[in-house]
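Student: Questions regarding the structure given below will be posed in turn.
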Amino acid sequence: MLFSTYSMALAVFVSMSQPSVSPLPSSRPSQAPRDEAHQRGLHQVDATIVSLQRPSPHTLRVGMHLGDAGDDPVWDQANVAFRVYPDLQAPTVSRVYTVRSFEPQARRAEFDVLMHGGDSPMMRWAAQAGIGQQVRLTGPRVNIVLPGSQGRPVAIFCDDSGLPALYSILQRWPAGMTGLGWIASDDVHGLAELPPVPGLQLQRLPLQGPGRDLLLQQARQLVAPERYVIWGAGERDEMRALRKYFQAEQGLDKADVAIAGYWKRGASNTDIDAERQSAYQKFTAAGGQLADWDDLGIAL
Ligand SMILES: Cc1cc2nc3c(=O)[nH]c(=O)nc-3n(C[C@H](O)[C@H](O)[C@H](O)COP(=O)(O)OP(=O)(O)OC[C@H]3O[C@@H](n4cnc5c(N)ncnc54)[C@H](O)[C@@H]3O)c2cc1C
């Protein structure tokens, strides 16, 4: 069971990576059960919490010391994700988070937990987190990065869950790249923290009521979408619709659209992972390869 959970963890990481992402070399042994194709480059880490902040009511910011695993240069790339295990008594329950910032010398990574207000494994973890505690995780794995633009502007669509990813991408913004972006969020402070980038205009879309499909509505208003490359991270069903809009309706090339689902409205990620695992097993049984796994393509 643990084996397949870790395998799926990696399958998800890989499915959301871009073709430009190179394999992750690592000489460090992992204590986790390994499948060579799936586990390559992942460390199992017992990190130590070294700081806890509440930069806004929306966010718990966690600083952690990664120990020797922090020597892996992948932690320092744009939009790197990892799996955190919020309850060691329930080792099959995990959640994916983003390295918002990383200090290589200190081997220190920071991530933001959106306090979405429900009763969930990560909200319970956040409520009891304390400095000096250990937190188990597997990673790092590069998640969706900006598509190669060849001079075209980018159009960005994300919600609160994608803010840390966007922050890390903006920190490493390609010189000369321009674009537009919309962030569906009530976290005014979170947006103010984003590093300004010349030529990139970001706009906040305040959540209205349940805040559904704000990004999709905005995408439909983008003039001449075929001139853009697209980056998006947020609620799974909205991101699926966004990808369908750009690829199926507007005819953008697959390589020009980097969109990932980060959470699903009304569903626990534990259930999503179980469904994903079942779908993935059928996919591999039918001869599918990990590199061809399309996470957003499956109905979960
Ligand atoms: C690659 C990747 C990177 C991610 N990075 C981050 C990150 O840096 N920071 C971050 O906060 N999240 C991030 N997420 C999203 C995070 O993994 C999910 O929000 C996760 O479901 C939270 O777990 P939970 O235990 O709190 O809620 P779950 O048990 O999964 O869900 C319980 C309930 O809470 C709701 N819920 C879950 N997440 C949200 C949300 N974001 N907004 C509103 N309602 C929600 C669900 O719909 C469900 O009803 C990332 C996800 C992926 C795939």
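Naming works like this for the structure tokens: A, B, ... for the chains as they're shown, residue 1 at the start of each chain, ligands 1 onward in shown order.
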List as a PyMOL selection string the protein and nucleic acid residues lying within 7 Å of ligand 1, with only C-alpha atoms and all ligand atoms counted.
Tutor: chain A and resi 13+81+95-100+111-116+118-123+143+160-162+164-165+261-270
Student: So that I can see what lies close to Val145 (chain A), please list as number ranges by chain the residues with an atom at most 8 Å from it, counting only C-alpha atoms and leaving out residues fewer than 2 positions away in the same chain.
Tutor: A: 17-18, 78-79, 142-143, 147, 169, 231, 258
Student: What residues in region 114-294 of chain A get the DSSP label helix (DSSP H, G or I)? Please answer as a ChimeraX atom specification.
Tutor: /A:121-128,160-171,188-192,214-220,225-227,236-249,254-256,269-285,290-292
Student: Restricting the calculation to only C-alpha atoms: of A:Pro206, A:Pro153, A:Gly190, A:Pro195, which residue gets closest to Ile230 (chain A)?
Tutor: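 Of all the options, A:Pro153 lies closest to Ile230 (chain A).
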Student: Applying 7 Å and only C-alpha atoms, which residues near Leu52 (chain A) remain after dropping the ones on its own chain fewer than 5 positions away? List them as a PyMOL selection string.
Tutor: chain A and resi 60-63+131
Student: Between A:Thr48, A:Pro225, A:Val197, A:Leu214, which one has atoms that come closest to Glu249 (chain A), using only C-alpha atoms?
Tutor: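 Comparing A:Thr48, A:Pro225, A:Val197, A:Leu214 against Glu249 (chain A), the winner is A:Pro225.
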Student: Pick from A:Asp295, A:Glu238, A:Glu193, A:Asp186: nearest to Tyr167 (chain A), with only C-alpha atoms counted?
Tutor: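 Comparing A:Asp295, A:Glu238, A:Glu193, A:Asp186 against Tyr167 (chain A), the winner is A:Glu193.
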Student: Please determine, counting only C-alpha atoms, which residue among A:Leu296, A:Leu207, A:Ile259, A:Leu170 has the shortest atom-to-atom distance to Ile183 (chain A).
Tutor: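 Closest to Ile183 (chain A), using only C-alpha atoms: A:Leu207.
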Student: Just how far from CA of Ala155 (chain A) is CA of Gly179 (chain A), in Å to one decimal?
Tutor: 5.7 Å
Student: Name all residues at most 12 Å from Arg107 (chain A) (count only C-alpha atoms; drop same-chain ones fewer than 6 positions away) and give them as a ChimeraX atom specification.
Tutor: /A:47-48,50,63-76,101
Student: Pick out the residues sitting within 12 Å of Ala299 (chain A), and hand them over as a PDB file with C-alpha atoms, in the first residue's frame; count only C-alpha atoms, and ignore anything fewer than 3 positions along from it in its own chain.
Tutor:
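The new file out31.pdb reads:
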```pdb
ATOM      1  CA  ARG A 236      -9.227  21.207 -10.621  1.00  0.00           C
ATOM      2  CA  ASP A 237     -12.554  21.458 -12.453  1.00  0.00           C
ATOM      3  CA  ARG A 240      -9.789  21.406 -16.690  1.00  0.00           C
ATOM      4  CA  ALA A 241     -12.307  23.793 -18.237  1.00  0.00           C
ATOM      5  CA  GLY A 261      -5.353  21.234 -10.891  1.00  0.00           C
ATOM      6  CA  LYS A 264     -10.915  19.932  -5.964  1.00  0.00           C
ATOM      7  CA  ILE A 272      -8.789  12.118  -5.107  1.00  0.00           C
ATOM      8  CA  GLU A 275      -9.278   7.521  -7.440  1.00  0.00           C
ATOM      9  CA  ARG A 276      -6.116   8.680  -9.171  1.00  0.00           C
ATOM     10  CA  SER A 278      -7.005   3.338  -9.433  1.00  0.00           C
ATOM     11  CA  ALA A 279      -7.007   5.236 -12.748  1.00  0.00           C
ATOM     12  CA  TYR A 280      -3.232   5.093 -12.916  1.00  0.00           C
ATOM     13  CA  ASP A 294      -2.280  13.224 -18.132  1.00  0.00           C
ATOM     14  CA  ASP A 295      -3.607  14.011 -14.672  1.00  0.00           C
ATOM     15  CA  LEU A 296      -6.097  16.674 -15.756  1.00  0.00           C
TER      16      LEU A 296
END
```
Student: Using only C-alpha atoms, which residue out of A:Val45, A:Val93, A:Ala127, A:Ile156 lies closest to Asp273 (chain A)?
Tutor: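 That would be A:Val93, the residue with the smallest distance to Asp273 (chain A).
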Student: Rounded to one decimal in Å, what is the spacing between CA of Gly132 (chain A) and CA of Leu191 (chain A)?
Tutor: 29.2 Å
